[in-house]
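Enquirer: Supplied in structure tokens, the structure appears directly below.
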Amino acid sequence: MAKLKVVHYINQFFAQIGGEEKADYPAELRVGEVVGPGMALTQNFKDEAEIIATIICGDSYFNENLEKAKADILAWVKEQAPDVFVAGPAFNAGRYGVACGTIAAAVQEELGIPAVTGMYVENPGADMFKTQVYIVSTKNNAAGMRDAVKKLAPLAVKLGKGEAIGASSEEGYMPNGVRVNFFEKERGSKRAVKMLLKKLADKPFETEFPMPDFDRVDPNPAVKDLAHAKIALVTSGGIVPKGNPDHIESSSASHYGEYDIAGVMDLTEETYETAHGGYDPVYANEDSDRVLPVDVLRDMEKEGKIGELHHLFYTTTGNGTAVASSKAFAEEFSKKLKADGVDAVILTST
Amino acid sequence: MVKEVERAGIPVVHICTVTPISMTVGANRIVPAIAIPHPLGNPALDKDEEKEIRRKIVEKALDALTTEVDGQTIFD
């Protein structure tokens with residue numbers, strides 16, 4: 001039997017073109033080439049499938065030129081006419097995950113070609129696309145490649161052949177909300193009692209009805225009197241005083257910084273920089289106002305448009321940083337902001 | 001972080017380039033930015049023009065903060 005044809009999508013990093021300084025690399029089609037993680041996929045396809053083309057695109061390019069990138073890539077995929085489309089895996093790289101989800105969903109919906117991708121459960125692309133395409137759950141960094149392709153390759157083959165896909169827990173993809181009727185071997189009461197016994201014994205058990213995670217916060221009322229309001233700045237873009245005195249990590253930050261900008265009118269190349277390792281730091285290092293707009297807020301303070309700019313700002317690097325950590329950071333500094341009588345916050349992200 | 005600030009009872013506006021991420025994360029007031037490595041700047045412009053653009057975005061963010069919303073809203 002002929003091998004299934006696969007088109008594989010990866011970013012500039014996994015194509016070994018470069019890191020953040022190359023994140024604006026435009027989309028490119030390489031026919032007949034297997035690149036980077038495509039090698040590991042190929043091994044795991046065994047004799048059942050082969051990559052006939054690889055599409056490479058910089059993560060920033062994709063997200064900043066969404067319509068063009070999507071249209072170009074869709075046209076190439078259409079021309080290659082694969083049996084299945086594989087994107088990633090993206091692990092915990094946020095823009096890459098969003099790109100993988102976007103393009104996989106588009107290929108499936110617009111071209112009718114089955115698609116699959118893989119990423120870490122906290123990648124923003126996961127929540128955005130898990131109900132639209134199969135997303136294999138991976139570890140949070142590329143050290144989990146081997147494990148990821150082991151799940152990704154067989155699922156891609158099944159999809160390419162049009163075979164029935166089993167439950168998420170068997171195939172290793174993220175639950176997508178699709179329910180399939182089937183007969184359990186044991187009746188419900190028996191399963192429930194078994195689960196309860198496991199729970200009482202502090203043993204792991206698998207619920208049959210997971211609660212959805214609806215963590216939404218209602219918006220607060222608007223600021224009434226801007227001219228007397230105290231505004232604070234917060235950023236996940238990693239802006240810190242030059243030299244990064246508190247050693248905030250360039251990724252997976254373990255803490256945040258609190259810095260005093262009393263009397264600071266403008267962030268300059270000599271005084272501030274970014275500690276963030278997830279985007280090209282050149283522009284932020286040249287002028288940190290590009291991420292943390294202190295200069296214009298000072299102007300507005302002088303003009304009386306706002307009451308005052310709070311003398312402290314809070315910062316961390318939102319690069320692969322765990323959701324639980326960011327939540328804990330913000331819980332803590334929000335209390336300080338509240339205690340300092342801050343009326344509103346401008347939070348910037350890169 | 002946006003959500004925790006909001007939860008603490010402080011109105012917050014999120015300025016970011018990839019607004020769909022902000023929507024997923026659960027920000028309520030969202031203002032689109034220019035580009036990932038320079039959300040509030042554009043190195044291709046001269047300093048004054050660049051500051052002017054930055055000011056426009058910050059003004060939009062302040063407008064967002066003074067506008068009542070009853071759900072997630074992108075201020076384009």
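Each chain in the structure tokens gets a letter, A, B and so on, in the order shown; residues start at 1 in every chain, and ligands are counted from 1 in the order they appear.
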List every residue of chain B that DSSP, applied to the backbone, labels as strand (DSSP E), and write the result as JSON, numbers by chain.

Expert: {"B": [12, 13, 14, 15, 16, 29, 30, 31, 32, 73, 74]}

Enquirer: Hey, what's within 8 Å of Phe129 in chain A if we count only C-alpha atoms and toss same-chain stuff fewer than 5 positions away? As a list of chain:residue names, please?

Expert: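 Skipping anything fewer than 5 positions along the chain leaves A:Gly101, A:Thr102, A:Ala105, A:Ile135.
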
Enquirer: Counting only C-alpha atoms, what are the residues of chain A within 7 Å of chain B, and for each of them which pair of atoms is the nearest and at what distance in Å, to one decimal? Sort the table by chain and rising number, as CSV.

Expert:
```
residue,atom,partner,partner_atom,distance
A:Ser60,CA,B:Ile36,CA,6.8
A:Asn63,CA,B:Val18,CA,6.8
A:Glu64,CA,B:Ala35,CA,6.8
A:Pro124,CA,B:Ile21,CA,6.1
A:Met128,CA,B:Thr24,CA,6.6
A:Arg216,CA,B:Gly26,CA,6.0
A:Val217,CA,B:Arg7,CA,6.2
A:Pro219,CA,B:Asn28,CA,5.8
A:Asn220,CA,B:Pro11,CA,5.1
A:Pro221,CA,B:Glu68,CA,6.0
A:Ala222,CA,B:Thr66,CA,4.6
A:Val223,CA,B:Thr66,CA,4.6
A:Lys224,CA,B:Thr66,CA,6.2
A:Tyr279,CA,B:Pro37,CA,5.7
A:Asp280,CA,B:Pro37,CA,5.8
A:Pro281,CA,B:Pro37,CA,6.8
A:Tyr283,CA,B:His38,CA,6.2
A:Ala284,CA,B:His38,CA,6.5
A:Arg290,CA,B:Leu40,CA,4.4
A:Val291,CA,B:Leu40,CA,5.6
A:Val296,CA,B:Arg55,CA,5.7
A:Ser326,CA,B:Met1,CA,5.7
A:Lys327,CA,B:Met1,CA,5.6
A:Ala330,CA,B:Met1,CA,5.0
A:Glu331,CA,B:Glu4,CA,5.6
A:Ser334,CA,B:Val5,CA,5.4
A:Lys335,CA,B:Ala8,CA,6.9
A:Asp343,CA,B:Ile10,CA,6.3
A:Ala344,CA,B:Pro11,CA,5.0
A:Val345,CA,B:Val12,CA,4.6
A:Ile346,CA,B:Val13,CA,5.1
A:Leu347,CA,B:His14,CA,4.9
A:Thr348,CA,B:Ile15,CA,4.7
A:Ser349,CA,B:Cys16,CA,5.0
A:Thr350,CA,B:Ile36,CA,4.7
```

Enquirer: With N, CA and C atoms retained, write the just-selected residues as an mmCIF file, in the first residue's frame.

Expert:
```
data_model
loop_
_atom_site.group_PDB
_atom_site.id
_atom_site.type_symbol
_atom_site.label_atom_id
_atom_site.label_comp_id
_atom_site.auth_asym_id
_atom_site.auth_seq_id
_atom_site.Cartn_x
_atom_site.Cartn_y
_atom_site.Cartn_z
ATOM 1 N N SER A 60 6.566 35.167 15.056
ATOM 2 C CA SER A 60 6.046 36.535 15.044
ATOM 3 C C SER A 60 5.422 36.835 13.697
ATOM 4 N N ASN A 63 1.865 35.395 13.464
ATOM 5 C CA ASN A 63 0.848 36.059 14.269
ATOM 6 C C ASN A 63 0.616 37.516 13.872
ATOM 7 N N GLU A 64 1.662 38.147 13.313
ATOM 8 C CA GLU A 64 1.513 39.557 12.932
ATOM 9 C C GLU A 64 0.981 39.715 11.512
ATOM 10 N N PRO A 124 -1.390 28.796 25.300
ATOM 11 C CA PRO A 124 -2.677 29.431 24.977
ATOM 12 C C PRO A 124 -3.346 28.829 23.751
ATOM 13 N N MET A 128 -7.515 27.548 22.841
ATOM 14 C CA MET A 128 -8.133 28.171 21.678
ATOM 15 C C MET A 128 -8.593 27.152 20.641
ATOM 16 N N ARG A 216 -13.392 32.962 34.804
ATOM 17 C CA ARG A 216 -13.559 34.297 34.229
ATOM 18 C C ARG A 216 -13.795 35.268 35.377
ATOM 19 N N VAL A 217 -13.294 36.475 35.223
ATOM 20 C CA VAL A 217 -13.522 37.495 36.237
ATOM 21 C C VAL A 217 -14.325 38.612 35.579
ATOM 22 N N PRO A 219 -15.623 42.266 34.617
ATOM 23 C CA PRO A 219 -14.896 43.543 34.564
ATOM 24 C C PRO A 219 -15.296 44.453 35.720
ATOM 25 N N ASN A 220 -14.355 45.232 36.206
ATOM 26 C CA ASN A 220 -14.651 46.218 37.238
ATOM 27 C C ASN A 220 -15.275 47.449 36.578
ATOM 28 N N PRO A 221 -16.010 48.228 37.386
ATOM 29 C CA PRO A 221 -16.565 49.467 36.834
ATOM 30 C C PRO A 221 -15.446 50.361 36.303
ATOM 31 N N ALA A 222 -15.807 51.195 35.322
ATOM 32 C CA ALA A 222 -14.826 52.068 34.679
ATOM 33 C C ALA A 222 -14.338 53.149 35.652
ATOM 34 N N VAL A 223 -13.188 53.696 35.318
ATOM 35 C CA VAL A 223 -12.641 54.814 36.086
ATOM 36 C C VAL A 223 -13.490 56.054 35.790
ATOM 37 N N LYS A 224 -13.941 56.744 36.840
ATOM 38 C CA LYS A 224 -14.860 57.878 36.641
ATOM 39 C C LYS A 224 -14.080 59.162 36.353
ATOM 40 N N TYR A 279 11.319 37.040 23.073
ATOM 41 C CA TYR A 279 11.158 37.864 21.872
ATOM 42 C C TYR A 279 12.479 38.569 21.617
ATOM 43 N N ASP A 280 12.637 39.107 20.417
ATOM 44 C CA ASP A 280 13.884 39.781 20.065
ATOM 45 C C ASP A 280 14.034 41.022 20.954
ATOM 46 N N PRO A 281 15.053 41.055 21.831
ATOM 47 C CA PRO A 281 15.140 42.123 22.832
ATOM 48 C C PRO A 281 15.703 43.445 22.306
ATOM 49 N N TYR A 283 14.757 45.923 20.348
ATOM 50 C CA TYR A 283 13.943 47.153 20.372
ATOM 51 C C TYR A 283 13.650 47.610 21.803
ATOM 52 N N ALA A 284 13.387 46.638 22.685
ATOM 53 C CA ALA A 284 13.084 46.992 24.077
ATOM 54 C C ALA A 284 14.346 47.492 24.777
ATOM 55 N N ARG A 290 8.987 51.388 24.699
ATOM 56 C CA ARG A 290 8.265 50.635 23.674
ATOM 57 C C ARG A 290 7.460 49.491 24.272
ATOM 58 N N VAL A 291 7.804 49.097 25.488
ATOM 59 C CA VAL A 291 7.059 48.043 26.184
ATOM 60 C C VAL A 291 6.320 48.622 27.394
ATOM 61 N N VAL A 296 5.139 58.614 27.870
ATOM 62 C CA VAL A 296 3.887 59.301 27.529
ATOM 63 C C VAL A 296 2.991 59.485 28.762
ATOM 64 N N SER A 326 2.307 32.986 37.562
ATOM 65 C CA SER A 326 1.842 34.328 37.197
ATOM 66 C C SER A 326 0.684 34.732 38.095
ATOM 67 N N LYS A 327 -0.183 33.765 38.356
ATOM 68 C CA LYS A 327 -1.353 34.030 39.188
ATOM 69 C C LYS A 327 -0.901 34.442 40.601
ATOM 70 N N ALA A 330 0.683 37.969 40.607
ATOM 71 C CA ALA A 330 -0.284 39.060 40.458
ATOM 72 C C ALA A 330 -1.185 39.173 41.677
ATOM 73 N N GLU A 331 -1.479 38.046 42.309
ATOM 74 C CA GLU A 331 -2.297 38.081 43.527
ATOM 75 C C GLU A 331 -1.590 38.944 44.569
ATOM 76 N N SER A 334 -1.138 42.744 43.348
ATOM 77 C CA SER A 334 -2.428 43.439 43.280
ATOM 78 C C SER A 334 -2.830 43.952 44.657
ATOM 79 N N LYS A 335 -2.506 43.191 45.699
ATOM 80 C CA LYS A 335 -2.804 43.629 47.074
ATOM 81 C C LYS A 335 -2.039 44.911 47.380
ATOM 82 N N ASP A 343 -5.932 53.323 41.169
ATOM 83 C CA ASP A 343 -7.294 53.293 40.636
ATOM 84 C C ASP A 343 -7.427 52.421 39.397
ATOM 85 N N ALA A 344 -6.346 52.274 38.642
ATOM 86 C CA ALA A 344 -6.430 51.468 37.420
ATOM 87 C C ALA A 344 -5.036 51.021 37.014
ATOM 88 N N VAL A 345 -4.995 49.921 36.249
ATOM 89 C CA VAL A 345 -3.719 49.352 35.822
ATOM 90 C C VAL A 345 -3.681 49.223 34.309
ATOM 91 N N ILE A 346 -2.532 49.587 33.742
ATOM 92 C CA ILE A 346 -2.272 49.297 32.326
ATOM 93 C C ILE A 346 -1.252 48.172 32.304
ATOM 94 N N LEU A 347 -1.648 47.022 31.744
ATOM 95 C CA LEU A 347 -0.750 45.863 31.713
ATOM 96 C C LEU A 347 -0.332 45.619 30.267
ATOM 97 N N THR A 348 0.964 45.612 30.021
ATOM 98 C CA THR A 348 1.417 45.413 28.638
ATOM 99 C C THR A 348 2.078 44.046 28.490
ATOM 100 N N SER A 349 1.855 43.435 27.317
ATOM 101 C CA SER A 349 2.452 42.133 27.019
ATOM 102 C C SER A 349 3.127 42.156 25.663
ATOM 103 N N THR A 350 4.150 41.331 25.522
ATOM 104 C CA THR A 350 4.877 41.269 24.261
ATOM 105 C C THR A 350 4.484 40.018 23.515
#
```

Enquirer: Do you know which residues are at most 12 Å from Ala253 in chain A counting only C-alpha atoms, after dropping those on the same chain fewer than 3 positions away, and could you put them as a list in words?

Expert: Ser236, Gly237, Gly238, Asp246, His247, Ile248, Glu249, Ser250, Tyr256, Gly257, Ala275, His276, Gly277, Gly278, Thr315, Thr316, Thr317, Gly318, Asn319, Gly320, Thr321, Ala322, Val323, Ala324, Ser325, Ser326, Ala328 and Phe329 of chain A

Enquirer: Any chance you could export the current selection's N, CA and C atoms as a PDB file, in the first residue's frame?

Expert:
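Once written, part20.pdb looks like this:
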```pdb
ATOM      1  N   SER A 236       4.326  41.962  31.408  1.00  0.00           N
ATOM      2  CA  SER A 236       4.888  40.614  31.323  1.00  0.00           C
ATOM      3  C   SER A 236       6.052  40.630  30.332  1.00  0.00           C
ATOM      4  N   GLY A 237       6.425  41.838  29.889  1.00  0.00           N
ATOM      5  CA  GLY A 237       7.484  41.985  28.882  1.00  0.00           C
ATOM      6  C   GLY A 237       8.891  42.068  29.457  1.00  0.00           C
ATOM      7  N   GLY A 238       9.007  41.886  30.781  1.00  0.00           N
ATOM      8  CA  GLY A 238      10.335  41.751  31.392  1.00  0.00           C
ATOM      9  C   GLY A 238      11.163  43.004  31.496  1.00  0.00           C
ATOM     10  N   ASP A 246      17.438  41.948  40.176  1.00  0.00           N
ATOM     11  CA  ASP A 246      16.831  40.836  40.923  1.00  0.00           C
ATOM     12  C   ASP A 246      16.912  39.509  40.168  1.00  0.00           C
ATOM     13  N   HIS A 247      17.660  39.515  39.066  1.00  0.00           N
ATOM     14  CA  HIS A 247      17.866  38.283  38.292  1.00  0.00           C
ATOM     15  C   HIS A 247      16.557  37.592  37.932  1.00  0.00           C
ATOM     16  N   ILE A 248      15.643  38.340  37.358  1.00  0.00           N
ATOM     17  CA  ILE A 248      14.410  37.712  36.872  1.00  0.00           C
ATOM     18  C   ILE A 248      14.794  36.834  35.681  1.00  0.00           C
ATOM     19  N   GLU A 249      14.356  35.596  35.698  1.00  0.00           N
ATOM     20  CA  GLU A 249      14.769  34.633  34.681  1.00  0.00           C
ATOM     21  C   GLU A 249      14.227  35.022  33.303  1.00  0.00           C
ATOM     22  N   SER A 250      14.980  34.700  32.251  1.00  0.00           N
ATOM     23  CA  SER A 250      14.548  35.041  30.899  1.00  0.00           C
ATOM     24  C   SER A 250      13.373  34.180  30.447  1.00  0.00           C
ATOM     25  N   TYR A 256       8.743  38.100  40.485  1.00  0.00           N
ATOM     26  CA  TYR A 256       8.506  39.337  39.746  1.00  0.00           C
ATOM     27  C   TYR A 256       9.337  40.446  40.382  1.00  0.00           C
ATOM     28  N   GLY A 257       9.451  41.574  39.697  1.00  0.00           N
ATOM     29  CA  GLY A 257      10.199  42.694  40.252  1.00  0.00           C
ATOM     30  C   GLY A 257       9.274  43.865  40.543  1.00  0.00           C
ATOM     31  N   ALA A 275      14.462  41.607  30.402  1.00  0.00           N
ATOM     32  CA  ALA A 275      15.041  40.335  30.829  1.00  0.00           C
ATOM     33  C   ALA A 275      14.383  39.176  30.084  1.00  0.00           C
ATOM     34  N   HIS A 276      13.412  39.519  29.212  1.00  0.00           N
ATOM     35  CA  HIS A 276      12.577  38.497  28.563  1.00  0.00           C
ATOM     36  C   HIS A 276      13.376  37.746  27.494  1.00  0.00           C
ATOM     37  N   GLY A 277      13.304  36.427  27.501  1.00  0.00           N
ATOM     38  CA  GLY A 277      14.037  35.641  26.506  1.00  0.00           C
ATOM     39  C   GLY A 277      13.149  35.099  25.407  1.00  0.00           C
ATOM     40  N   GLY A 278      11.909  35.586  25.341  1.00  0.00           N
ATOM     41  CA  GLY A 278      10.968  35.014  24.373  1.00  0.00           C
ATOM     42  C   GLY A 278      10.631  35.917  23.213  1.00  0.00           C
ATOM     43  N   THR A 315       6.838  43.847  37.252  1.00  0.00           N
ATOM     44  CA  THR A 315       7.286  43.252  35.998  1.00  0.00           C
ATOM     45  C   THR A 315       7.729  41.810  36.185  1.00  0.00           C
ATOM     46  N   THR A 316       7.485  41.010  35.160  1.00  0.00           N
ATOM     47  CA  THR A 316       8.057  39.668  35.120  1.00  0.00           C
ATOM     48  C   THR A 316       8.196  39.282  33.653  1.00  0.00           C
ATOM     49  N   THR A 317       8.756  38.112  33.400  1.00  0.00           N
ATOM     50  CA  THR A 317       8.858  37.655  32.016  1.00  0.00           C
ATOM     51  C   THR A 317       7.795  36.575  31.804  1.00  0.00           C
ATOM     52  N   GLY A 318       6.866  36.867  30.889  1.00  0.00           N
ATOM     53  CA  GLY A 318       5.777  35.912  30.636  1.00  0.00           C
ATOM     54  C   GLY A 318       6.180  34.895  29.587  1.00  0.00           C
ATOM     55  N   ASN A 319       7.354  34.325  29.741  1.00  0.00           N
ATOM     56  CA  ASN A 319       7.895  33.426  28.712  1.00  0.00           C
ATOM     57  C   ASN A 319       7.970  32.019  29.278  1.00  0.00           C
ATOM     58  N   GLY A 320       6.995  31.188  28.926  1.00  0.00           N
ATOM     59  CA  GLY A 320       6.974  29.825  29.455  1.00  0.00           C
ATOM     60  C   GLY A 320       6.763  29.805  30.961  1.00  0.00           C
ATOM     61  N   THR A 321       6.373  30.954  31.519  1.00  0.00           N
ATOM     62  CA  THR A 321       6.130  31.017  32.963  1.00  0.00           C
ATOM     63  C   THR A 321       4.801  30.338  33.270  1.00  0.00           C
ATOM     64  N   ALA A 322       4.802  29.479  34.300  1.00  0.00           N
ATOM     65  CA  ALA A 322       3.606  28.697  34.604  1.00  0.00           C
ATOM     66  C   ALA A 322       2.451  29.612  34.976  1.00  0.00           C
ATOM     67  N   VAL A 323       1.255  29.203  34.567  1.00  0.00           N
ATOM     68  CA  VAL A 323       0.068  29.986  34.886  1.00  0.00           C
ATOM     69  C   VAL A 323      -0.047  30.161  36.397  1.00  0.00           C
ATOM     70  N   ALA A 324       0.237  29.095  37.145  1.00  0.00           N
ATOM     71  CA  ALA A 324       0.122  29.163  38.604  1.00  0.00           C
ATOM     72  C   ALA A 324       1.083  30.203  39.180  1.00  0.00           C
ATOM     73  N   SER A 325       2.297  30.329  38.611  1.00  0.00           N
ATOM     74  CA  SER A 325       3.251  31.324  39.099  1.00  0.00           C
ATOM     75  C   SER A 325       2.739  32.728  38.825  1.00  0.00           C
ATOM     76  N   SER A 326       2.307  32.986  37.562  1.00  0.00           N
ATOM     77  CA  SER A 326       1.842  34.328  37.197  1.00  0.00           C
ATOM     78  C   SER A 326       0.684  34.732  38.095  1.00  0.00           C
ATOM     79  N   ALA A 328       0.062  33.700  41.132  1.00  0.00           N
ATOM     80  CA  ALA A 328       0.550  33.997  42.481  1.00  0.00           C
ATOM     81  C   ALA A 328       1.239  35.361  42.525  1.00  0.00           C
ATOM     82  N   PHE A 329       2.045  35.676  41.484  1.00  0.00           N
ATOM     83  CA  PHE A 329       2.720  36.986  41.446  1.00  0.00           C
ATOM     84  C   PHE A 329       1.665  38.095  41.518  1.00  0.00           C
TER      85      PHE A 329
END
```

Enquirer: Please identify which residues in range 213-339 of chain A DSSP calls helix (DSSP H, G or I) from the backbone, and express them as a PDB file with C-alpha atoms, in the first residue's frame.

Expert:
```pdb
ATOM      1  CA  LEU A 226      -9.235  60.085  35.047  1.00  0.00           C
ATOM      2  CA  ALA A 227      -7.794  63.497  35.893  1.00  0.00           C
ATOM      3  CA  HIS A 228      -7.501  62.451  39.527  1.00  0.00           C
ATOM      4  CA  VAL A 282      16.846  44.660  20.528  1.00  0.00           C
ATOM      5  CA  TYR A 283      13.943  47.153  20.372  1.00  0.00           C
ATOM      6  CA  ALA A 284      13.084  46.992  24.077  1.00  0.00           C
ATOM      7  CA  ASN A 285      16.743  47.384  25.051  1.00  0.00           C
ATOM      8  CA  GLU A 286      17.069  50.451  22.823  1.00  0.00           C
ATOM      9  CA  SER A 288      12.025  50.306  27.079  1.00  0.00           C
ATOM     10  CA  ASP A 289       9.163  52.803  26.659  1.00  0.00           C
ATOM     11  CA  ARG A 290       8.265  50.635  23.674  1.00  0.00           C
ATOM     12  CA  VAL A 294       6.508  55.657  31.088  1.00  0.00           C
ATOM     13  CA  ASP A 295       7.395  58.642  28.868  1.00  0.00           C
ATOM     14  CA  VAL A 296       3.887  59.301  27.529  1.00  0.00           C
ATOM     15  CA  LEU A 297       2.255  58.702  30.917  1.00  0.00           C
ATOM     16  CA  ARG A 298       4.596  61.309  32.426  1.00  0.00           C
ATOM     17  CA  ASP A 299       3.514  63.769  29.706  1.00  0.00           C
ATOM     18  CA  MET A 300      -0.127  63.043  30.471  1.00  0.00           C
ATOM     19  CA  GLU A 301       0.532  63.469  34.179  1.00  0.00           C
ATOM     20  CA  LYS A 302       2.026  66.902  33.496  1.00  0.00           C
ATOM     21  CA  GLU A 303      -0.895  67.858  31.259  1.00  0.00           C
ATOM     22  CA  VAL A 323       0.068  29.986  34.886  1.00  0.00           C
ATOM     23  CA  ALA A 324       0.122  29.163  38.604  1.00  0.00           C
ATOM     24  CA  SER A 325       3.251  31.324  39.099  1.00  0.00           C
ATOM     25  CA  SER A 326       1.842  34.328  37.197  1.00  0.00           C
ATOM     26  CA  LYS A 327      -1.353  34.030  39.188  1.00  0.00           C
ATOM     27  CA  ALA A 328       0.550  33.997  42.481  1.00  0.00           C
ATOM     28  CA  PHE A 329       2.720  36.986  41.446  1.00  0.00           C
ATOM     29  CA  ALA A 330      -0.284  39.060  40.458  1.00  0.00           C
ATOM     30  CA  GLU A 331      -2.297  38.081  43.527  1.00  0.00           C
ATOM     31  CA  GLU A 332       0.511  39.422  45.657  1.00  0.00           C
ATOM     32  CA  PHE A 333       1.273  42.665  43.836  1.00  0.00           C
ATOM     33  CA  SER A 334      -2.428  43.439  43.280  1.00  0.00           C
ATOM     34  CA  LYS A 335      -2.804  43.629  47.074  1.00  0.00           C
ATOM     35  CA  LYS A 336       0.038  46.145  47.160  1.00  0.00           C
ATOM     36  CA  LEU A 337      -1.514  48.151  44.325  1.00  0.00           C
ATOM     37  CA  LYS A 338      -4.817  48.176  46.161  1.00  0.00           C
ATOM     38  CA  ALA A 339      -3.160  49.219  49.429  1.00  0.00           C
TER      39      ALA A 339
END
```

Enquirer: Pick the closest to Asp225 in chain A from A:Ile306, A:Val178, A:Leu292, A:Val77: which is it, counting only C-alpha atoms?

Expert: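 Checking each of A:Ile306, A:Val178, A:Leu292, A:Val77 against Asp225 in chain A, counting only C-alpha atoms, the winner is A:Ile306.
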
Enquirer: Rounded to one decimal place, report the CA of Asn140 in chain A-CA of Gly97 in chain A distance in Å.

Expert: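 For CA of Asn140 in chain A relative to CA of Gly97 in chain A, the distance reads 11.3 Å.
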
Enquirer: I'd like the neighbourhood of Leu152 in chain A as a short mmCIF file (atom, residue, chain, number, x, y, z; two decimals) with C-alpha atoms, in the first residue's frame, where a residue qualifies if any of its atoms comes within 12 Å (using only C-alpha atoms), though same-chain residues fewer than 2 positions away should be ignored.

Expert:
```
data_model
loop_
_atom_site.label_atom_id
_atom_site.label_comp_id
_atom_site.auth_asym_id
_atom_site.auth_seq_id
_atom_site.Cartn_x
_atom_site.Cartn_y
_atom_site.Cartn_z
CA HIS A 8 4.49 19.19 8.25
CA PRO A 37 11.19 17.29 14.29
CA GLY A 38 10.04 15.85 10.95
CA ALA A 40 11.48 11.98 14.58
CA LEU A 41 7.98 11.93 13.12
CA THR A 42 9.21 10.00 10.09
CA GLN A 43 10.75 7.34 12.33
CA ASN A 44 7.50 6.99 14.20
CA PHE A 45 5.44 6.81 11.00
CA VAL A 84 -2.95 14.49 6.71
CA PHE A 85 -1.42 17.75 8.02
CA VAL A 86 0.78 17.81 11.11
CA ALA A 87 1.80 21.03 12.94
CA GLY A 88 4.45 21.27 15.66
CA PRO A 89 4.70 20.03 18.35
CA ALA A 90 4.86 23.47 19.99
CA ALA A 115 -4.97 17.85 10.82
CA VAL A 116 -3.31 17.29 14.16
CA THR A 117 -0.93 19.24 16.36
CA GLY A 118 0.69 18.90 19.76
CA MET A 119 1.49 21.25 22.66
CA TYR A 134 -6.88 17.03 17.75
CA ILE A 135 -4.10 18.40 19.98
CA VAL A 136 -1.74 15.87 21.48
CA SER A 137 -0.78 16.77 25.03
CA THR A 138 3.01 17.22 25.36
CA MET A 145 9.93 15.58 21.81
CA ARG A 146 10.34 11.83 21.82
CA ASP A 147 7.26 11.33 23.95
CA ALA A 148 5.30 13.84 21.84
CA VAL A 149 6.02 12.26 18.43
CA LYS A 150 5.17 8.83 19.82
CA PRO A 154 0.17 7.22 15.23
CA LEU A 155 -2.71 9.67 15.61
CA ALA A 156 -1.72 11.34 12.32
CA VAL A 157 -1.65 7.94 10.59
CA LYS A 158 -5.09 7.04 11.93
CA LEU A 159 -6.50 10.39 10.82
CA GLU A 171 -5.00 8.33 22.05
CA GLY A 172 -3.26 11.02 24.11
CA TYR A 173 -5.03 14.09 22.76
CA MET A 174 -6.64 16.80 24.85
#
```

Enquirer: Just give me the gap between CA of Gln132 in chain A and CA of Ala167 in chain A in Å, one decimal is fine.

Expert: 15.6 Å
